[in-house]
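Peer 1: One structure follows; several queries about it will come next.
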There are 2 protein chains.
Amino acid sequence: MDENVRWLSAAEQEAWRAYLTMTVRLDEVFDRGLRRQGLNLAYYEILVRLSEADGRRLRMSALAARSASSRSRLSHAVARLEEQGYVRREVCPTDRRGQVCVLTDAGFAKLREAAPAHVTDVREALLDGLTAAELSTFGDLCATVLRHLDAREG
Amino acid sequence: MDENVRWLSAAEQEAWRAYLTMTVRLDEVFDRGLRRQGLNLAYYEILVRLSEADGRRLRMSALAARSASSRSRLSHAVARLEEQGYVRREVCPTDRRGQVCVLTDAGFAKLREAAPAHVTDVREALLDGLTAAELSTFGDLCATVLRHLDAREG
DNA sequence: GCAAACTCATTGAGCGCTCAATCATTCCCG
DNA sequence: CGGGAATGATTGAGCGCTCAATGAGTTTGC
């Protein structure tokens, strides 16, 4: 391997570890809360994105993009959500390769049921830990990293 | 459920989603990189924490705390790492309930082998996306959230 | 027009994680 | 002391995810 690696400085290491530990801890909180409702964060996000879409429906590829999911993961997840009656799949009218994922009434109801506890978790675990100004800064920095990631891949 | 939920404001929602998307994307990058080396982020962290400990050994519970892992996860992970020869377990001399996890020479070698590519991933995906000042702010905010989480649980 | 290349989505094997239950040992305190 | 509570760690069932392979449909280029 490349031995000309730029190792992390003390400051970089500190930031990196704080980030890493924080995400692991927060993920646990959010996932645990949603699992009590028979969902998880990925499934919840799928329902949210569908609920926001026109006609509460999206192409699988569009849904994958909006929920930061691989196609494979989305296929597995949607198969499971479909078994539970929260979504259904329809063939895409304009491209027979495609599938359209539709949020059912049961799925919408599940989302309304799960949302309060989840939002409370997000607020208590993350948002309440920062002032409004800090949160704004934090969000901006996350957005900056996201743009960096997009630029890197594109 | 509680209908007096404080839903997220637009600003909160924006920050929350940026955070969520960023972590999913970063996790993918880091995990994928390490999986090419036969590890994953959790396993890598275990090896790192052991490598930093006196005698390259830690009680399971101490290791769990430092790697932000549940005991169950750590047990499974260490069992796997032991199969691969990267760690071994010894009975704790001072508490017969306890186990001490020891990094083997092979484990240390594996860490040295995997580190360059991983550090490069961290740098390219995250650190390079922020200026030094931004990274410092970001790390501080993560630390603030961590203190909040600790206070919440303690 | 048609084959090759590409895209959409799914599938299954394999693995790691969570949750709850369990076992062994140690601590607490009356 | 002694017995119940607490702690340290493991286990197995069940599920979601990744990776690589695959099937089906569409686009491209000659």
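Chain labels run A, B, ... following the order of the structure tokens; each chain numbers its residues from 1, and ligands are numbered from 1 in the order shown.
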Set the distance at 7 Å and use only C-alpha atoms (C1' of nucleotides): which residues neighbour stretch 4-21 of chain C once local chain neighbours fewer than 2 positions away are removed? I'd like the list as a list in words.

Peer 2: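 So the residues in contact are Ser75, Arg97 and Gly98 of chain A; Arg73 of chain B.
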
Peer 1: Name all residues at most 12 Å from B:Ala151 (count only C-alpha atoms (C1' of nucleotides); drop same-chain ones fewer than 4 positions away) and give them as a PyMOL selection string.

Peer 2: (chain A and resi 124-125+128-129) or (chain B and resi 144-147)

Peer 1: If you count only C-alpha atoms (C1' of nucleotides), which residues fall within 12 Å of C:DA24, apart from same-chain ones fewer than 2 positions away, as a list of chain:residue names?

Peer 2: B:Asp95, B:Arg96, B:Arg97, B:Gly98, C:DT22, C:DT26, D:DT7, D:DG8, D:DA9, D:DT10

Peer 1: Take the residues just selected and output them with C-alpha atoms (C1' of nucleotides) as a CSV table (one decimal), in the first residue's frame.

Peer 2:
```
chain,number,residue,atom,x,y,z
B,95,ASP,CA,-12.4,-11.1,37.7
B,96,ARG,CA,-13.2,-14.6,36.5
B,97,ARG,CA,-16.4,-13.3,34.8
B,98,GLY,CA,-14.3,-11.1,32.6
C,22,DT,C1',-28.8,-17.3,29.7
C,26,DT,C1',-19.0,-11.0,42.2
D,7,DT,C1',-22.4,-7.3,36.5
D,8,DG,C1',-19.5,-9.5,32.6
D,9,DA,C1',-19.9,-11.8,28.7
D,10,DT,C1',-21.9,-15.1,25.4
```

Peer 1: For chain B versus chain D, which residues have an atom no more than 12 Å away, and what is each residue's nearest atom pair and distance in Å rounded to one decimal, using only C-alpha atoms (C1' of nucleotides), chain-then-number order, as a Markdown table?

Peer 2:
```
| residue | atom | partner | partner_atom | distance |
| --- | --- | --- | --- | --- |
| B:Glu28 | CA | D:DT18 | C1' | 10.0 |
| B:Asp31 | CA | D:DT18 | C1' | 10.0 |
| B:Arg32 | CA | D:DT18 | C1' | 8.8 |
| B:Arg35 | CA | D:DT18 | C1' | 9.7 |
| B:Arg36 | CA | D:DC19 | C1' | 11.0 |
| B:Asn40 | CA | D:DT18 | C1' | 11.6 |
| B:Arg59 | CA | D:DG8 | C1' | 9.6 |
| B:Met60 | CA | D:DA9 | C1' | 7.8 |
| B:Ser61 | CA | D:DG8 | C1' | 7.4 |
| B:Ala62 | CA | D:DG8 | C1' | 10.9 |
| B:Ala64 | CA | D:DA9 | C1' | 11.2 |
| B:Ser70 | CA | D:DA9 | C1' | 11.1 |
| B:Arg71 | CA | D:DA9 | C1' | 7.3 |
| B:Ser72 | CA | D:DT10 | C1' | 7.6 |
| B:Arg73 | CA | D:DT10 | C1' | 10.4 |
| B:Leu74 | CA | D:DA9 | C1' | 9.6 |
| B:Ser75 | CA | D:DT10 | C1' | 6.8 |
| B:His76 | CA | D:DT10 | C1' | 8.6 |
| B:Ala77 | CA | D:DT10 | C1' | 11.7 |
| B:Val78 | CA | D:DT10 | C1' | 11.1 |
| B:Ala79 | CA | D:DT10 | C1' | 10.0 |
| B:Arg89 | CA | D:DA9 | C1' | 11.7 |
| B:Val91 | CA | D:DA9 | C1' | 11.1 |
| B:Cys92 | CA | D:DG8 | C1' | 10.5 |
| B:Asp95 | CA | D:DG8 | C1' | 8.9 |
| B:Arg96 | CA | D:DG8 | C1' | 8.9 |
| B:Arg97 | CA | D:DG8 | C1' | 5.4 |
| B:Gly98 | CA | D:DG8 | C1' | 5.5 |
| B:Gln99 | CA | D:DA9 | C1' | 7.6 |
| B:Val100 | CA | D:DA9 | C1' | 10.7 |
| B:Cys101 | CA | D:DA9 | C1' | 11.9 |
```

Peer 1: Considering only strand (DSSP E or B) as DSSP defines it on the backbone, what residues of stretch 7-89 of chain B qualify? List them as an NGL selection string.

Peer 2: :B and (57-59 or 87-89)

Peer 1: Take the residues just selected and output them with N, CA and C atoms as a PDB file, in the first residue's frame.

Peer 2:
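Dumped everything to result.pdb:
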```pdb
ATOM      1  N   ARG B  57      -4.090  -4.741  25.035  1.00  0.00           N
ATOM      2  CA  ARG B  57      -5.121  -5.614  25.594  1.00  0.00           C
ATOM      3  C   ARG B  57      -6.112  -4.785  26.395  1.00  0.00           C
ATOM      4  N   LEU B  58      -7.368  -5.208  26.357  1.00  0.00           N
ATOM      5  CA  LEU B  58      -8.417  -4.510  27.088  1.00  0.00           C
ATOM      6  C   LEU B  58      -9.485  -5.516  27.533  1.00  0.00           C
ATOM      7  N   ARG B  59     -10.087  -5.217  28.654  1.00  0.00           N
ATOM      8  CA  ARG B  59     -11.259  -5.976  29.062  1.00  0.00           C
ATOM      9  C   ARG B  59     -12.354  -5.778  28.019  1.00  0.00           C
ATOM     10  N   VAL B  87      -7.143 -11.318  17.003  1.00  0.00           N
ATOM     11  CA  VAL B  87      -7.155 -11.106  18.463  1.00  0.00           C
ATOM     12  C   VAL B  87      -7.237 -12.478  19.125  1.00  0.00           C
ATOM     13  N   ARG B  88      -6.988 -12.497  20.425  1.00  0.00           N
ATOM     14  CA  ARG B  88      -7.278 -13.717  21.196  1.00  0.00           C
ATOM     15  C   ARG B  88      -7.870 -13.275  22.524  1.00  0.00           C
ATOM     16  N   ARG B  89      -8.571 -14.203  23.160  1.00  0.00           N
ATOM     17  CA  ARG B  89      -9.194 -13.883  24.449  1.00  0.00           C
ATOM     18  C   ARG B  89      -8.503 -14.651  25.562  1.00  0.00           C
TER      19      ARG B  89
END
```

Peer 1: Residues of chain B within 6 Å of chain A, using only C-alpha atoms, as a ChimeraX atom specification?

Peer 2: /B:5,15,18-19,22,116,129,139,142-143,145-146,148

Peer 1: Selected residues, C-alpha atoms, written as an mmCIF file, in the first residue's frame, please.

Peer 2:
```cif
data_model
loop_
_atom_site.group_PDB
_atom_site.id
_atom_site.type_symbol
_atom_site.label_atom_id
_atom_site.label_comp_id
_atom_site.auth_asym_id
_atom_site.auth_seq_id
_atom_site.Cartn_x
_atom_site.Cartn_y
_atom_site.Cartn_z
ATOM 1 C CA VAL B 5 -45.074 16.620 19.426
ATOM 2 C CA ALA B 15 -30.076 20.354 9.100
ATOM 3 C CA ALA B 18 -28.265 17.018 5.581
ATOM 4 C CA TYR B 19 -26.858 15.172 8.555
ATOM 5 C CA MET B 22 -24.152 12.740 4.898
ATOM 6 C CA PRO B 116 -3.336 3.689 4.744
ATOM 7 C CA GLY B 129 -14.414 18.680 2.189
ATOM 8 C CA GLY B 139 -15.562 18.397 15.618
ATOM 9 C CA CYS B 142 -19.980 16.634 17.439
ATOM 10 C CA ALA B 143 -18.336 16.698 20.853
ATOM 11 C CA VAL B 145 -23.730 16.455 20.903
ATOM 12 C CA LEU B 146 -21.798 13.634 22.541
ATOM 13 C CA HIS B 148 -25.495 15.951 25.483
#
```

Peer 1: Output as a VMD selection string all residues of stretch 31-148 of chain B that backbone DSSP marks as alpha helix (DSSP H).

Peer 2: chain B and resid 31 to 35 41 to 52 60 to 66 71 to 83 105 to 125 132 to 148
